[in-house]
>>> print(open('input-v1.cif').read())   # mmCIF, C-alpha atoms
data_start
#
loop_
_atom_site.label_atom_id
_atom_site.label_comp_id
_atom_site.auth_asym_id
_atom_site.auth_seq_id
_atom_site.Cartn_x
_atom_site.Cartn_y
_atom_site.Cartn_z
CA MET A 1 -57.87 -37.16 -33.52
CA ARG A 2 -56.78 -40.16 -35.50
CA THR A 3 -53.13 -40.12 -36.55
CA VAL A 4 -51.90 -42.63 -39.10
CA ILE A 5 -48.16 -43.32 -39.35
CA PRO A 6 -47.11 -45.44 -42.34
CA LEU A 7 -44.03 -47.59 -41.77
CA PHE A 8 -41.77 -49.15 -44.37
CA ASP A 9 -38.66 -51.29 -44.35
CA ARG A 10 -35.65 -49.23 -43.17
CA PHE A 11 -37.64 -46.34 -41.71
CA THR A 12 -35.93 -44.39 -38.91
CA GLY A 13 -37.34 -45.32 -35.49
CA LEU A 14 -37.29 -41.95 -33.77
CA ASP A 15 -38.90 -40.26 -36.81
CA ALA A 16 -42.03 -42.26 -36.00
CA VAL A 17 -41.84 -42.83 -32.24
CA GLY A 18 -40.94 -39.25 -31.26
CA PRO A 19 -44.15 -37.71 -32.67
CA TYR A 20 -46.17 -40.79 -31.69
CA GLU A 21 -45.22 -40.33 -28.03
CA MET A 22 -46.49 -36.75 -28.05
CA LEU A 23 -49.61 -37.30 -30.17
CA ALA A 24 -50.72 -40.40 -28.24
CA ALA A 25 -50.64 -38.42 -24.97
CA VAL A 26 -53.49 -36.16 -26.08
CA PRO A 27 -56.78 -37.17 -24.42
CA GLY A 28 -58.94 -39.09 -26.87
CA ALA A 29 -56.15 -39.49 -29.40
CA GLU A 30 -55.68 -42.57 -31.53
CA VAL A 31 -52.43 -43.43 -33.30
CA VAL A 32 -52.31 -46.19 -35.89
CA PHE A 33 -49.12 -47.67 -37.28
CA ALA A 34 -49.71 -49.14 -40.73
CA ALA A 35 -47.49 -50.79 -43.35
CA ALA A 36 -47.74 -52.65 -46.65
CA GLU A 37 -48.69 -55.66 -44.56
CA ALA A 38 -49.64 -55.78 -40.88
CA GLY A 39 -46.93 -57.18 -38.63
CA PRO A 40 -43.28 -56.49 -37.93
CA VAL A 41 -41.47 -53.73 -39.81
CA ARG A 42 -37.72 -53.44 -39.39
CA SER A 43 -36.08 -50.06 -38.99
CA ASP A 44 -32.91 -48.80 -40.65
CA THR A 45 -30.48 -50.07 -38.02
CA GLY A 46 -31.80 -53.62 -38.02
CA PHE A 47 -32.06 -53.49 -34.22
CA LEU A 48 -35.55 -52.04 -33.83
CA THR A 49 -38.74 -53.64 -35.10
CA LEU A 50 -42.13 -51.96 -34.79
CA HIS A 51 -45.41 -53.73 -35.25
CA ALA A 52 -47.82 -52.37 -37.88
CA GLU A 53 -51.38 -52.87 -36.62
CA LEU A 54 -53.00 -52.53 -40.04
CA PRO A 55 -52.11 -53.00 -43.68
CA LEU A 56 -52.19 -49.77 -45.68
CA ARG A 57 -55.19 -51.00 -47.68
CA ALA A 58 -57.23 -51.15 -44.45
CA VAL A 59 -56.60 -47.46 -43.76
CA THR A 60 -58.76 -45.18 -45.88
CA SER A 61 -58.71 -41.94 -43.90
CA ALA A 62 -56.89 -40.00 -41.20
CA ASP A 63 -57.18 -36.72 -39.36
CA LEU A 64 -53.40 -36.50 -39.37
CA LEU A 65 -51.16 -38.40 -41.77
CA LEU A 66 -47.58 -38.43 -40.49
CA VAL A 67 -44.88 -39.87 -42.74
CA PRO A 68 -41.50 -40.77 -41.21
CA GLY A 69 -38.26 -40.86 -43.16
CA GLY A 70 -35.21 -43.07 -43.18
CA PRO A 71 -32.93 -44.79 -45.68
CA GLY A 72 -35.88 -46.86 -46.91
CA GLN A 73 -37.46 -43.72 -48.35
CA ALA A 74 -35.11 -43.59 -51.36
CA ALA A 75 -36.32 -46.92 -52.70
CA ARG A 76 -39.94 -45.82 -52.59
CA MET A 77 -39.83 -42.56 -54.53
CA ALA A 78 -41.53 -44.15 -57.53
CA TYR A 79 -43.39 -46.92 -55.75
CA ARG A 80 -46.94 -46.43 -56.96
CA PRO A 81 -48.90 -48.36 -54.28
CA LEU A 82 -47.43 -46.19 -51.52
CA LEU A 83 -47.65 -42.90 -53.44
CA ASP A 84 -51.25 -43.63 -54.46
CA TRP A 85 -52.08 -44.43 -50.85
CA LEU A 86 -50.47 -41.20 -49.63
CA ARG A 87 -52.54 -39.19 -52.13
CA ALA A 88 -55.75 -41.00 -51.17
CA ILE A 89 -55.25 -40.49 -47.44
CA ASP A 90 -54.14 -36.89 -47.92
CA ALA A 91 -57.47 -36.22 -49.60
CA THR A 92 -59.15 -37.06 -46.27
CA THR A 93 -56.82 -35.34 -43.79
CA THR A 94 -57.01 -32.16 -41.77
CA TRP A 95 -53.21 -32.24 -41.48
CA THR A 96 -50.57 -34.00 -43.55
CA ALA A 97 -47.13 -34.07 -42.01
CA SER A 98 -43.68 -35.61 -42.32
CA VAL A 99 -40.46 -36.03 -40.39
CA CYS A 100 -37.01 -36.09 -41.97
CA THR A 101 -36.98 -37.54 -45.50
CA GLY A 102 -40.65 -38.44 -45.19
CA SER A 103 -41.26 -35.09 -46.90
CA LEU A 104 -39.55 -36.43 -50.02
CA LEU A 105 -42.22 -39.13 -50.22
CA LEU A 106 -44.95 -36.51 -49.82
CA ALA A 107 -43.25 -34.48 -52.56
CA ALA A 108 -42.93 -37.53 -54.80
CA ALA A 109 -46.68 -38.02 -54.38
CA GLY A 110 -47.13 -34.45 -55.65
CA LEU A 111 -48.44 -33.17 -52.34
CA LEU A 112 -45.83 -30.46 -51.70
CA THR A 113 -45.79 -28.82 -55.11
CA GLY A 114 -45.25 -25.09 -54.66
CA ARG A 115 -45.30 -25.48 -50.88
CA ARG A 116 -42.64 -24.48 -48.36
CA ALA A 117 -41.19 -27.59 -46.75
CA THR A 118 -38.16 -29.05 -45.03
CA THR A 119 -36.40 -32.39 -44.59
CA HIS A 120 -33.14 -33.81 -43.19
CA TRP A 121 -30.39 -31.23 -43.81
CA LEU A 122 -28.46 -33.72 -45.96
CA ALA A 123 -31.47 -34.09 -48.28
CA LYS A 124 -32.54 -30.47 -48.54
CA ASP A 125 -31.35 -30.07 -52.11
CA GLN A 126 -33.80 -32.78 -53.17
CA LEU A 127 -36.86 -30.68 -52.30
CA ALA A 128 -36.75 -28.17 -55.16
CA PRO A 129 -36.37 -30.80 -57.94
CA LEU A 130 -39.50 -32.43 -56.49
CA GLY A 131 -41.43 -29.17 -56.72
CA ALA A 132 -41.31 -28.04 -53.09
CA VAL A 133 -39.84 -24.79 -51.79
CA PRO A 134 -37.05 -25.47 -49.26
CA ALA A 135 -37.48 -23.54 -46.02
CA ALA A 136 -35.02 -22.84 -43.24
CA GLU A 137 -37.12 -23.53 -40.14
CA ARG A 138 -36.97 -26.72 -38.11
CA VAL A 139 -40.74 -27.11 -38.42
CA VAL A 140 -42.46 -25.70 -41.50
CA PHE A 141 -46.18 -25.11 -41.90
CA ASP A 142 -47.77 -24.36 -45.27
CA GLY A 143 -51.54 -24.68 -45.21
CA LYS A 144 -52.39 -28.12 -43.88
CA TYR A 145 -48.91 -29.43 -44.67
CA ALA A 146 -46.35 -29.57 -41.87
CA THR A 147 -42.83 -30.86 -42.38
CA ALA A 148 -40.01 -31.31 -39.89
CA ALA A 149 -36.24 -31.44 -40.26
CA GLY A 150 -34.23 -34.57 -39.48
CA VAL A 151 -35.17 -37.36 -37.03
CA SER A 152 -35.52 -35.60 -33.66
CA ALA A 153 -37.42 -32.64 -35.17
CA GLY A 154 -40.58 -34.73 -35.27
CA ILE A 155 -41.00 -34.18 -31.52
CA ASP A 156 -41.16 -30.40 -32.01
CA LEU A 157 -43.48 -30.86 -35.01
CA ALA A 158 -45.87 -32.95 -32.94
CA LEU A 159 -46.07 -30.36 -30.17
CA HIS A 160 -46.86 -27.68 -32.77
CA LEU A 161 -49.59 -29.89 -34.23
CA ILE A 162 -51.05 -30.57 -30.79
CA GLY A 163 -51.06 -26.84 -30.07
CA ARG A 164 -53.03 -26.20 -33.24
CA THR A 165 -55.48 -29.09 -32.87
CA ALA A 166 -55.96 -29.58 -29.12
CA GLY A 167 -54.82 -26.18 -27.88
CA HIS A 168 -51.75 -24.78 -26.19
CA GLU A 169 -52.69 -25.96 -22.69
CA ILE A 170 -52.90 -29.60 -23.81
CA ALA A 171 -49.64 -29.21 -25.73
CA ARG A 172 -47.95 -27.81 -22.62
CA ALA A 173 -49.35 -30.71 -20.56
CA VAL A 174 -47.88 -33.20 -23.03
CA GLN A 175 -44.54 -31.40 -22.89
CA LEU A 176 -44.57 -31.51 -19.07
CA GLY A 177 -45.67 -35.14 -19.00
CA THR A 178 -42.78 -36.14 -21.27
CA GLU A 179 -40.42 -33.78 -19.41
CA TYR A 180 -39.38 -32.28 -22.73
CA ALA A 181 -36.88 -29.67 -21.58
CA PRO A 182 -34.00 -30.84 -23.74
CA GLU A 183 -30.39 -30.24 -22.76
CA PRO A 184 -28.21 -31.47 -25.64
CA PRO A 185 -24.66 -31.83 -24.31
CA TYR A 186 -23.22 -30.34 -27.53
CA ALA A 187 -24.19 -27.60 -29.97
CA ALA A 188 -23.82 -29.90 -32.96
CA GLY A 189 -27.41 -30.45 -34.03
CA THR A 190 -27.34 -28.45 -37.25
CA PRO A 191 -24.78 -28.00 -40.04
CA GLU A 192 -24.57 -24.33 -39.03
CA THR A 193 -23.53 -25.08 -35.44
CA ALA A 194 -21.58 -28.34 -35.81
CA PRO A 195 -17.81 -28.35 -36.40
CA PRO A 196 -17.27 -27.89 -40.18
CA ALA A 197 -15.12 -31.04 -40.38
CA LEU A 198 -18.02 -33.06 -39.03
CA VAL A 199 -20.42 -31.58 -41.59
CA THR A 200 -17.97 -32.53 -44.33
CA ALA A 201 -17.62 -36.05 -42.92
CA LEU A 202 -21.38 -36.61 -42.87
CA ARG A 203 -21.74 -35.16 -46.38
CA ALA A 204 -19.19 -37.74 -47.53
CA ARG A 205 -21.37 -40.52 -46.06
CA ARG A 206 -24.53 -38.93 -47.38
CA GLY A 207 -25.49 -41.78 -49.71
CA THR A 208 -25.36 -44.31 -46.90
CA ILE A 209 -27.24 -42.09 -44.45
CA LEU A 210 -29.99 -41.26 -46.94
CA GLY A 211 -30.18 -44.72 -48.46
CA THR A 212 -29.35 -43.57 -51.98
CA ALA A 213 -26.02 -45.41 -52.03
CA ASP A 214 -27.55 -48.82 -51.65
CA PRO A 215 -28.71 -50.20 -55.02
CA ALA A 216 -29.92 -53.43 -53.39
CA HIS A 217 -32.69 -51.48 -51.76
CA ARG A 218 -33.72 -49.41 -54.78
CA THR A 219 -36.71 -51.56 -55.55
CA GLY A 220 -39.02 -48.71 -56.48
CA MET B 1 -20.61 -51.59 -27.48
CA ARG B 2 -23.54 -53.85 -26.78
CA THR B 3 -26.57 -52.10 -25.30
CA VAL B 4 -29.40 -54.18 -23.87
CA ILE B 5 -32.82 -52.55 -23.39
CA PRO B 6 -35.32 -54.63 -21.42
CA LEU B 7 -38.96 -54.08 -22.39
CA PHE B 8 -42.05 -54.89 -20.36
CA ASP B 9 -45.78 -54.55 -20.82
CA ARG B 10 -46.78 -50.84 -20.59
CA PHE B 11 -43.28 -49.40 -21.00
CA THR B 12 -43.10 -45.89 -22.49
CA GLY B 13 -42.04 -45.97 -26.13
CA LEU B 14 -39.83 -42.88 -26.29
CA ASP B 15 -37.99 -43.91 -23.08
CA ALA B 16 -36.58 -46.81 -25.08
CA VAL B 17 -36.53 -45.54 -28.67
CA GLY B 18 -34.98 -42.12 -27.95
CA PRO B 19 -31.73 -43.52 -26.51
CA TYR B 20 -31.80 -46.45 -28.95
CA GLU B 21 -31.75 -44.06 -31.92
CA MET B 22 -28.65 -42.33 -30.61
CA LEU B 23 -26.80 -45.42 -29.38
CA ALA B 24 -27.45 -47.44 -32.55
CA ALA B 25 -25.88 -44.68 -34.66
CA VAL B 26 -22.45 -45.24 -33.15
CA PRO B 27 -20.20 -47.19 -35.53
CA GLY B 28 -19.96 -50.83 -34.43
CA ALA B 29 -22.77 -50.50 -31.90
CA GLU B 30 -25.26 -53.25 -31.20
CA VAL B 31 -28.61 -52.65 -29.49
CA VAL B 32 -30.69 -55.58 -28.28
CA PHE B 33 -34.30 -55.28 -27.19
CA ALA B 34 -35.20 -58.07 -24.78
CA ALA B 35 -38.31 -58.99 -22.77
CA ALA B 36 -39.70 -61.79 -20.59
CA GLU B 37 -40.41 -63.57 -23.87
CA ALA B 38 -39.19 -62.71 -27.36
CA GLY B 39 -41.84 -61.16 -29.57
CA PRO B 40 -44.24 -58.23 -29.41
CA VAL B 41 -44.32 -56.01 -26.32
CA ARG B 42 -47.07 -53.43 -26.04
CA SER B 43 -46.32 -49.95 -24.77
CA ASP B 44 -48.34 -47.90 -22.28
CA THR B 45 -50.65 -46.26 -24.83
CA GLY B 46 -51.68 -49.52 -26.49
CA PHE B 47 -50.86 -47.99 -29.90
CA LEU B 48 -47.17 -48.90 -30.15
CA THR B 49 -45.77 -52.41 -30.11
CA LEU B 50 -42.05 -53.11 -30.19
CA HIS B 51 -40.54 -56.47 -30.97
CA ALA B 52 -38.20 -58.03 -28.40
CA GLU B 53 -35.49 -59.96 -30.24
CA LEU B 54 -34.47 -62.10 -27.27
CA PRO B 55 -35.99 -63.40 -24.05
CA LEU B 56 -34.31 -61.98 -20.94
CA ARG B 57 -32.93 -65.45 -20.07
CA ALA B 58 -30.93 -65.43 -23.32
CA VAL B 59 -29.17 -62.22 -22.34
CA THR B 60 -26.41 -62.78 -19.81
CA SER B 61 -24.27 -59.68 -20.23
CA ALA B 62 -24.18 -56.14 -21.60
CA ASP B 63 -21.76 -53.29 -21.94
CA LEU B 64 -24.64 -50.90 -21.32
CA LEU B 65 -27.87 -51.90 -19.61
CA LEU B 66 -30.55 -49.28 -20.27
CA VAL B 67 -33.89 -49.61 -18.46
CA PRO B 68 -36.87 -47.60 -19.72
CA GLY B 69 -39.77 -46.56 -17.53
CA GLY B 70 -43.50 -46.31 -17.99
CA PRO B 71 -46.70 -47.18 -16.12
CA GLY B 72 -45.74 -50.87 -16.30
CA GLN B 73 -42.84 -50.22 -13.92
CA ALA B 74 -45.06 -49.97 -10.83
CA ALA B 75 -46.27 -53.56 -11.15
CA ARG B 76 -42.71 -54.89 -11.32
CA MET B 77 -41.14 -53.35 -8.22
CA ALA B 78 -41.17 -56.69 -6.40
CA TYR B 79 -41.05 -58.99 -9.41
CA ARG B 80 -38.11 -61.25 -8.62
CA PRO B 81 -37.30 -62.64 -12.11
CA LEU B 82 -36.80 -59.11 -13.51
CA LEU B 83 -34.96 -57.74 -10.45
CA ASP B 84 -32.69 -60.81 -10.35
CA TRP B 85 -31.98 -60.36 -14.06
CA LEU B 86 -31.19 -56.65 -13.60
CA ARG B 87 -28.71 -57.51 -10.81
CA ALA B 88 -27.10 -60.28 -12.88
CA ILE B 89 -26.66 -58.10 -15.96
CA ASP B 90 -25.49 -55.15 -13.89
CA ALA B 91 -22.69 -57.33 -12.57
CA THR B 92 -21.37 -57.53 -16.15
CA THR B 93 -21.87 -53.93 -17.35
CA THR B 94 -19.55 -51.03 -17.89
CA TRP B 95 -22.57 -48.72 -17.62
CA THR B 96 -26.00 -49.23 -16.10
CA ALA B 97 -28.57 -46.61 -17.04
CA SER B 98 -32.25 -45.77 -16.89
CA VAL B 99 -34.78 -43.37 -18.34
CA CYS B 100 -37.79 -42.01 -16.46
CA THR B 101 -39.17 -44.47 -13.87
CA GLY B 102 -36.75 -47.13 -15.05
CA SER B 103 -34.53 -45.87 -12.22
CA LEU B 104 -37.12 -47.07 -9.71
CA LEU B 105 -36.62 -50.61 -11.03
CA LEU B 106 -32.85 -50.23 -10.69
CA ALA B 107 -33.39 -48.96 -7.15
CA ALA B 108 -35.76 -51.81 -6.34
CA ALA B 109 -33.02 -54.18 -7.47
CA GLY B 110 -30.74 -52.50 -4.92
CA LEU B 111 -28.47 -51.01 -7.56
CA LEU B 112 -28.85 -47.34 -6.64
CA THR B 113 -28.40 -47.58 -2.88
CA GLY B 114 -26.59 -44.48 -1.69
CA ARG B 115 -26.22 -43.23 -5.24
CA ARG B 116 -27.38 -39.93 -6.73
CA ALA B 117 -30.14 -40.57 -9.26
CA THR B 118 -33.17 -39.07 -10.97
CA THR B 119 -36.47 -40.19 -12.48
CA HIS B 120 -39.69 -38.66 -13.85
CA TRP B 121 -40.44 -35.50 -11.84
CA LEU B 122 -43.75 -36.99 -10.66
CA ALA B 123 -41.91 -39.98 -9.16
CA LYS B 124 -38.96 -38.21 -7.59
CA ASP B 125 -40.18 -38.70 -4.03
CA GLN B 126 -39.98 -42.46 -4.55
CA LEU B 127 -36.18 -42.45 -4.89
CA ALA B 128 -35.21 -41.83 -1.26
CA PRO B 129 -37.46 -44.56 0.21
CA LEU B 130 -35.71 -46.94 -2.22
CA GLY B 131 -32.30 -45.91 -0.94
CA ALA B 132 -31.21 -43.55 -3.74
CA VAL B 133 -30.28 -39.90 -3.36
CA PRO B 134 -32.55 -37.69 -5.52
CA ALA B 135 -30.59 -35.27 -7.70
CA ALA B 136 -31.74 -32.18 -9.55
CA GLU B 137 -30.03 -32.62 -12.93
CA ARG B 138 -31.76 -33.91 -16.06
CA VAL B 139 -29.03 -36.54 -16.50
CA VAL B 140 -27.26 -37.82 -13.38
CA PHE B 141 -24.02 -39.80 -13.31
CA ASP B 142 -22.79 -41.58 -10.17
CA GLY B 143 -19.99 -43.99 -10.91
CA LYS B 144 -21.13 -46.36 -13.64
CA TYR B 145 -24.79 -45.52 -12.99
CA ALA B 146 -26.52 -42.97 -15.20
CA THR B 147 -30.14 -42.00 -14.76
CA ALA B 148 -32.29 -39.62 -16.80
CA ALA B 149 -35.41 -37.63 -15.97
CA GLY B 150 -38.75 -38.29 -17.69
CA VAL B 151 -39.29 -39.79 -21.15
CA SER B 152 -37.49 -37.38 -23.52
CA ALA B 153 -34.45 -37.06 -21.20
CA GLY B 154 -33.19 -40.42 -22.45
CA ILE B 155 -31.99 -38.74 -25.64
CA ASP B 156 -29.71 -36.42 -23.66
CA LEU B 157 -28.58 -39.33 -21.49
CA ALA B 158 -27.60 -41.35 -24.56
CA LEU B 159 -25.52 -38.52 -26.01
CA HIS B 160 -23.68 -38.20 -22.68
CA LEU B 161 -23.03 -41.95 -22.66
CA ILE B 162 -21.78 -41.87 -26.25
CA GLY B 163 -19.47 -38.98 -25.38
CA ARG B 164 -17.97 -40.99 -22.54
CA THR B 165 -17.69 -44.30 -24.40
CA ALA B 166 -17.05 -43.38 -28.05
CA GLY B 167 -15.76 -39.84 -27.59
CA HIS B 168 -17.15 -36.36 -28.11
CA GLU B 169 -16.60 -36.30 -31.88
CA ILE B 170 -18.73 -39.41 -32.40
CA ALA B 171 -21.37 -38.00 -30.05
CA ARG B 172 -21.44 -34.75 -32.04
CA ALA B 173 -21.74 -36.75 -35.27
CA VAL B 174 -24.73 -38.62 -33.87
CA GLN B 175 -26.32 -35.34 -32.79
CA LEU B 176 -25.79 -33.87 -36.26
CA GLY B 177 -27.06 -37.02 -37.98
CA THR B 178 -30.25 -36.93 -35.94
CA GLU B 179 -30.47 -33.14 -36.30
CA TYR B 180 -30.89 -32.84 -32.54
CA ALA B 181 -31.18 -29.08 -32.14
CA PRO B 182 -34.47 -29.09 -30.25
CA GLU B 183 -36.87 -26.13 -30.39
CA PRO B 184 -39.72 -26.90 -27.99
CA PRO B 185 -42.56 -24.50 -28.82
CA TYR B 186 -43.29 -23.94 -25.10
CA ALA B 187 -41.24 -23.61 -21.92
CA ALA B 188 -43.34 -26.23 -20.11
CA GLY B 189 -40.96 -29.17 -19.92
CA THR B 190 -40.30 -29.06 -16.17
CA PRO B 191 -42.47 -28.40 -13.11
CA GLU B 192 -40.32 -25.31 -12.47
CA THR B 193 -41.07 -23.75 -15.87
CA ALA B 194 -44.61 -25.00 -16.60
CA PRO B 195 -47.68 -23.04 -15.52
CA PRO B 196 -48.39 -23.95 -11.86
CA ALA B 197 -51.98 -24.95 -12.64
CA LEU B 198 -50.66 -27.52 -15.11
CA VAL B 199 -48.26 -28.96 -12.57
CA THR B 200 -51.15 -29.30 -10.13
CA ALA B 201 -53.31 -30.95 -12.79
CA LEU B 202 -50.63 -33.54 -13.61
CA ARG B 203 -50.01 -34.20 -9.92
CA ALA B 204 -53.71 -34.98 -9.58
CA ARG B 205 -53.41 -37.58 -12.35
CA ARG B 206 -50.13 -38.88 -10.96
CA GLY B 207 -51.41 -42.39 -10.16
CA THR B 208 -52.60 -42.91 -13.72
CA ILE B 209 -49.45 -41.46 -15.29
CA LEU B 210 -47.13 -43.54 -13.11
CA GLY B 211 -49.23 -46.69 -13.21
CA THR B 212 -49.70 -46.85 -9.45
CA ALA B 213 -53.47 -46.22 -9.65
CA ASP B 214 -54.18 -49.35 -11.62
CA PRO B 215 -54.54 -52.37 -9.30
CA ALA B 216 -55.27 -54.68 -12.25
CA HIS B 217 -51.67 -54.27 -13.34
CA ARG B 218 -50.03 -54.66 -9.92
CA THR B 219 -49.01 -58.24 -10.51
CA GLY B 220 -45.61 -58.01 -8.85
#
>>> encode(input="input-v1.cif", output="structure tokens")
Amino acid sequence: MRTVIPLFDRFTGLDAVGPYEMLAAVPGAEVVFAAAEAGPVRSDTGFLTLHAELPLRAVTSADLLLVPGGPGQAARMAYRPLLDWLRAIDATTTWTASVCTGSLLLAAAGLLTGRRATTHWLAKDQLAPLGAVPAAERVVFDGKYATAAGVSAGIDLALHLIGRTAGHEIARAVQLGTEYAPEPPYAAGTPETAPPALVTALRARRGTILGTADPAHRTG
Amino acid sequence: MRTVIPLFDRFTGLDAVGPYEMLAAVPGAEVVFAAAEAGPVRSDTGFLTLHAELPLRAVTSADLLLVPGGPGQAARMAYRPLLDWLRAIDATTTWTASVCTGSLLLAAAGLLTGRRATTHWLAKDQLAPLGAVPAAERVVFDGKYATAAGVSAGIDLALHLIGRTAGHEIARAVQLGTEYAPEPPYAAGTPETAPPALVTALRARRGTILGTADPAHRTG
């Protein structure tokens, strides 16, 4: 299975690398990182740079298209070259997926219209205006479209996709190989379980976290 | 807090990027990826390339040294320039940590002698011969040394480290921001919970997974 992961300036590293790690462990798998131009692509923190092997124009099909999110997403919601590319690749895929605010790009491309989907909890209210139907689960499947909640949820998404494409035994082998038996030290991973004051604090910084508070980057 | 993450050819991507994502989200944090030479460093799958910002020789101290693992570890167990660098940086750190088989490099550098530590479950029997004391937990603290089990365990490790250095409220905020409320679709993340046949199958491929079956890469 050939997975294509498009990168863009100010993507979130774990959105892309979490699912990559799982998907690349499947026997015979291929994972391609692509971006507007081949070469280094800087993530949202400025500390992590991933290398895109191919320019988007060199990628014309995928078995699985997996779109990460990050603060750079906001600037690309009307950026035609990327949205056109997403539509073109989606026309060739068996599965089209996203992590975090990557689903907002899929929605902006018109690919989630009328479909159940999720995104980062801070961005969930953006789904309906874009035509998608917000869902409560951490990983949401609707037909060939699979969307995951924020950042770390892409790991769970990838295991679900592996189960459906390569089978449950392979998915379990990948989980065992990556020793994915998580033990978060706190119960603060969702707005429902985190201390309310913390949820309020993150909501107050929402524009910075989602990249919508940064006009310098709204190039789209 | 300045975290330094050394990369090497055939490291495992999520070992490095999982903890990075958490650590970089702490206000005022700095995370530096370094390698023998600055520039692209290819991971174990060949699909993911990370960019090292600095050569190891340009890094002379760290608050937190975090060593990832991967098949490339095996070839470096006697590689003096890296082991000397690990010892020199460790002499400056408040915390020295590892993910997966990164702990074997710390042990080879003599930094885990007599200390409780962990590593990828397939490599656990290598700890005692290197002078460390194998421990059962997913994240093991012994003094300033913190080691995590395989691949995905680095995320839990990082949250523990953030809790101890920046406080529990910041750690909870990072967990909420990354929506880290994992829901693995299977209970196969440890050899104790995975189907026994799968454990046997991975043990049979142990040399390939750990990088010890690949003489071409044993350059150390």
>>> resolve_selection(input="input-v1.cif", expression="the PyMOL selection byres ((chain B) within 6 of (chain A))", output="PyMOL selection string")
chain B and resi 31+47+49-51+150-152+156+172+175-176+178-181+184+188-190
>>> atom_distance(input="input-v1.cif", atom1="CA of Ala109 (chain B)", atom2="CA of Leu83 (chain B)")
5.0 Å
>>> resolve_selection(input="input-v1.cif", expression="the PyMOL selection byres ((chain A and resi 61-63) around 8)", output="ChimeraX atom specification")
/A:1-4,59-60,64-65,88-90,92-95
>>> write_last_selection(input="input-v1.cif", atoms="C-alpha atoms", output="mmCIF file, keeping the file's coordinate frame")
data_model
loop_
_atom_site.group_PDB
_atom_site.id
_atom_site.type_symbol
_atom_site.label_atom_id
_atom_site.label_comp_id
_atom_site.auth_asym_id
_atom_site.auth_seq_id
_atom_site.Cartn_x
_atom_site.Cartn_y
_atom_site.Cartn_z
ATOM 1 C CA MET A 1 -57.870 -37.160 -33.520
ATOM 2 C CA ARG A 2 -56.780 -40.160 -35.500
ATOM 3 C CA THR A 3 -53.130 -40.120 -36.550
ATOM 4 C CA VAL A 4 -51.900 -42.630 -39.100
ATOM 5 C CA VAL A 59 -56.600 -47.460 -43.760
ATOM 6 C CA THR A 60 -58.760 -45.180 -45.880
ATOM 7 C CA LEU A 64 -53.400 -36.500 -39.370
ATOM 8 C CA LEU A 65 -51.160 -38.400 -41.770
ATOM 9 C CA ALA A 88 -55.750 -41.000 -51.170
ATOM 10 C CA ILE A 89 -55.250 -40.490 -47.440
ATOM 11 C CA ASP A 90 -54.140 -36.890 -47.920
ATOM 12 C CA THR A 92 -59.150 -37.060 -46.270
ATOM 13 C CA THR A 93 -56.820 -35.340 -43.790
ATOM 14 C CA THR A 94 -57.010 -32.160 -41.770
ATOM 15 C CA TRP A 95 -53.210 -32.240 -41.480
#
>>> resolve_selection(input="input-v1.cif", expression="the PyMOL selection byres ((chain A and resi 82) around 10)", output="VMD selection string")
chain A and resid 6 8 35 to 36 56 to 57 76 to 81 83 to 88 105 109
>>> atom_distance(input="input-v1.cif", atom1="CA of Ala132 (chain A)", atom2="CA of Ala91 (chain A)")
18.4 Å
>>> atom_distance(input="input-v1.cif", atom1="CA of Pro55 (chain A)", atom2="CA of Asp9 (chain A)")
13.6 Å
>>> decode(input="input-v1.cif", residues="region 69-83 of chain A", atoms="C-alpha atoms", output="mmCIF file, in the first residue's frame")
data_model
loop_
_atom_site.group_PDB
_atom_site.id
_atom_site.type_symbol
_atom_site.label_atom_id
_atom_site.label_comp_id
_atom_site.auth_asym_id
_atom_site.auth_seq_id
_atom_site.Cartn_x
_atom_site.Cartn_y
_atom_site.Cartn_z
ATOM 1 C CA GLY A 69 -2.793 19.254 10.617
ATOM 2 C CA GLY A 70 -1.045 22.046 12.439
ATOM 3 C CA PRO A 71 -1.113 25.840 12.629
ATOM 4 C CA GLY A 72 -0.096 26.010 8.965
ATOM 5 C CA GLN A 73 -3.470 24.575 7.982
ATOM 6 C CA ALA A 74 -5.346 27.846 8.575
ATOM 7 C CA ALA A 75 -3.385 29.688 5.906
ATOM 8 C CA ARG A 76 -4.179 27.054 3.298
ATOM 9 C CA MET A 77 -7.957 26.837 3.523
ATOM 10 C CA ALA A 78 -8.379 28.674 0.220
ATOM 11 C CA TYR A 79 -5.065 27.778 -1.366
ATOM 12 C CA ARG A 80 -6.120 26.366 -4.719
ATOM 13 C CA PRO A 81 -2.969 24.409 -5.709
ATOM 14 C CA LEU A 82 -3.162 22.325 -2.524
ATOM 15 C CA LEU A 83 -6.956 21.889 -2.562
#
